[in-house]
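So the structure is just underneath, and the comments pick up after that.
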Amino acid sequence: MKTVALLIVTAVLMFFSVSCEQPSGSLKFKTIEIRDFVKHPNAENEHQGLFYHIRYTYPAEYKDKAVLETLQQNFITLVFGKEYVALAPEKIVNTHIEDWKKEYSAETGEYPLIYEHIRTGDILFVNDDLLQMKEYSYTQQGGAHGFEGFSAHLFNLKTGKEYSRGDIFKTETARQISELIIAEIRNYLKNSENVNTLANSDVWTENTQFAITQEGVVMMYENRLGSLWLEDTQFKIPYAKILPCLREETPVWTLAREFAGEVELPKESQPAQTINLQKLNLDAIPGEIAYQGDVVEAYTYNDKTGKNIIILAESIMFETPENEYGEVEYYKNLYAYRFLNSGNDWKDIWRLYDNSENCFNYPIAKFVKSAFTITDLNEDGVAEIWLMYIVSCRGDVSPDPMFLKMYEGEKEYGITGLTKIDMSDGTGGSFIKVGGEYELDDIFQNKTTPPAFVNFAKNLWEKHIEGK
């Protein structure tokens with residue numbers, strides 16, 4: 001294949017360093033971040049070319065020079081590879097980018113394919129004794145979808161060496177740790193029977209990635225876990241729960257003891273409602289009711305209009321045939337229905353349909369099941385149906401589009417916004433909150449809309465702002 005020159009058509013280039021003084025007063029970090037796009041000279045559209053993004057946060061200054069050197073070598077090896085250890089950080093980043101460009105030029109030749117390379121190394125937590133980092137990589141080389149991977153690493157700031165799982169957790173508590181993880185997954189899946197297919201050996205293995213944070217230990221997985229497909233892949237075990245599983249007198253145990261008392265454990269909360277709501281088993285849904293998708297929740301209730309059934313359903317993941325570039329799109333659908341018993345049959349009152357179409361990465365279309373609520377805030381005897389859902393094409397760590405819908409009779413109200421997530425601030429040692437913005441639709445903002453509707457909508461959004 002003939003090699004051709006690359007044409008840089010954008011110059012969205014960032015190169016900066018940020019130092020952050022940690023509690024010890026001696027550990028500082030620097031961040032190098034570069035992102036750019038190289039358009040292929042034979043490109044038929046603006047997307048054909050090489051997109052690359054590197055964000056590399058590394059320890060730059062420390063009172064113990066030997067420990068600093070060990071940390072720096074470990075960081076370089078984890079994020080870029082051993083072959084880069086002898087180079088300075090700025091040189092490493094630039095050399096890595098040049099290697100990507102050469103690879104793209106050699107592989108694509110005169111054919112304008114889409115390539116994407118992402119490589120990040122971020123600080124998740126740091127104190128006087130511990131340094132937690134995470135590396136992430138994503139590569140797409142002209143196929144239907146790319147490949148991503150990540151790993152988390154905890155370092156001893158007294159030696160610069162990495163802690164193993166056995167250094168942190170008691171071996172004899174493996175079963176207890178597994179049960180804690182499965183309990184968190186069960187809570188996330190709202191007690192789905194699918195959780196019963198998970199074995200202890202699925203969730204706590206030698207390859208299980210974990211990260212230490214101020215609030216607890218976060219277990220991290222790929223989307224596929226045992227026989228389950230997970231859209232959310234991080235599960236936080238509060239220190240108050242996992243403390244008995246930690247090796248005593250270690251820095252992590254000390255940290256857990258310090259924060260265990262401050263962890264606010266989740267409390268059971270009942271939906272605010274004055275209308276009797278009951279869950280409906282799948283086999284209790286009348287056969288004459290037609291719906292699409294797999295039922296995730298079904299309810300029945302009575303109000304002034306009569307007997308009602310609400311169905312929330314989601315589809316499996318679908319894929320389209322390959323297009324002319326060999327790409328495959330993925331999508332998922334979700335559906336919601338309200339049916340009213342008219343005496344002789346069930347009348348379709350309203351239905352909701354949405355999907356995550358045109359997705360080349362991981363399509364997400366799911367309800368925030370814990371947000372489903374029925375109220376009668378204006379006390380007119382007609383139920384207000386509240387539901388929230390997420391529809392997204394997830395290709396990186398960023399907030400997802402989230403929607404709130406409220407139905408009163410056949411009238412629909414809505415909020416559109418983003419989930420709120422924790423992201424590293426890029427300087428090491430702390431997180432920043434990203435996302436959470438929302439906008440009420442015109443009906444919610446209408447002067448005739450009861451203020452109780454608006455207040456309840458805002459409170460419900462804030463309560464489930466993380467999409468959980």
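Identifiers in this document derive from the order of the structure tokens: chains are assigned A, B, ..., residues are numbered from 1 separately in each chain, and ligands are numbered from 1 in order of occurrence.
Non-sequential neighbours of Ile242 (chain A) (distance at most 10 Å, separation of 2 or more positions within a chain, only C-alpha atoms) are Phe169, Thr173, Gln176, Ile177, Leu180, Ile181, Gly216, Val217, Ile237, Pro238, Tyr239, Ala240, Pro244, Cys245, Leu246, Trp253, Ala256 and Ala260 of chain A.
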Report as a tab-separated table (two decimals) with C-alpha atoms, in the first residue's frame: the residues of region 192-371 of chain A with a DSSP assignment of helix (DSSP H, G or I), based on the backbone of this structure.
```
chain	number	residue	atom	x	y	z
A	193	GLU	CA	-32.87	-12.21	38.68
A	194	ASN	CA	-29.89	-11.98	36.32
A	195	VAL	CA	-27.68	-11.14	39.30
A	196	ASN	CA	-28.22	-14.68	40.54
A	197	THR	CA	-26.10	-15.92	37.65
A	200	ASN	CA	-18.13	-15.07	43.66
A	201	SER	CA	-15.37	-16.04	41.25
A	202	ASP	CA	-16.82	-13.64	38.65
A	203	VAL	CA	-16.54	-10.47	40.72
A	239	TYR	CA	-15.42	1.97	53.98
A	240	ALA	CA	-17.94	1.26	56.72
A	241	LYS	CA	-18.78	-2.00	54.92
A	242	ILE	CA	-15.37	-3.10	53.66
A	243	LEU	CA	-13.30	-2.14	56.70
A	244	PRO	CA	-13.36	-5.67	58.23
A	245	CYS	CA	-11.86	-7.02	54.97
A	251	PRO	CA	-2.38	2.95	55.13
A	252	VAL	CA	-5.65	1.90	53.45
A	253	TRP	CA	-7.00	0.50	56.72
A	254	THR	CA	-6.05	3.76	58.47
A	255	LEU	CA	-7.78	5.75	55.76
A	256	ALA	CA	-10.89	3.57	56.02
A	257	ARG	CA	-11.02	4.01	59.78
A	258	GLU	CA	-10.81	7.77	59.33
A	259	PHE	CA	-13.66	8.02	56.84
A	260	ALA	CA	-15.90	5.06	57.75
A	282	LEU	CA	-44.78	-10.22	34.05
A	283	ASP	CA	-47.27	-13.10	33.96
A	284	ALA	CA	-49.97	-10.81	35.38
A	369	LYS	CA	-35.80	2.56	37.71
A	370	SER	CA	-35.50	3.98	41.23
A	371	ALA	CA	-36.85	7.32	39.96
```
Do a neighbour search on Glu297 (chain A) at 10 Å with only C-alpha atoms, toss out local chain neighbours closer than 6 positions, and write the hits as number ranges by chain.
A: 190, 279-282, 310-314, 336, 367, 369, 372
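Excluding region 431-438 of chain A itself and any same-chain residue fewer than 2 positions from it, the protein and nucleic acid residues within 6 Å of it, counting only C-alpha atoms, are A:Pro399, A:Thr416, A:Gly417, A:Leu418, A:Thr419, A:Lys420, A:Ile421, A:Asp422, A:Met423, A:Ser424, A:Asp425.
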Please provide the set of residues having any atom within 12 Å of Lys366 (chain A), restricted to only C-alpha atoms, with same-chain residues fewer than 2 positions apart removed, written as a PyMOL selection string.
chain A and resi 189+230-232+293-297+312-317+331-336+353-356+363-364+368-371+387-393+400-403+467-468
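Ranking A:Gln278, A:Gln214, A:Lys101, A:Ile76 by their shortest atom-to-atom distance to Phe125 (chain A), with only C-alpha atoms included, puts A:Gln214 first.
Between Tyr58 (chain A) and the residues A:Ile92, A:Ile118, A:Ile123, A:Ile168, the shortest atom-to-atom distance, using only C-alpha atoms, involves A:Ile123.
Going from CA of Glu107 (chain A) to CA of Glu329 (chain A) covers 23.0 Å.
Each of A:Val382, A:Gln292, A:Thr95, A:Ala365 was compared to Asn308 (chain A) using only C-alpha atoms, and A:Val382 turns out to be the nearest.
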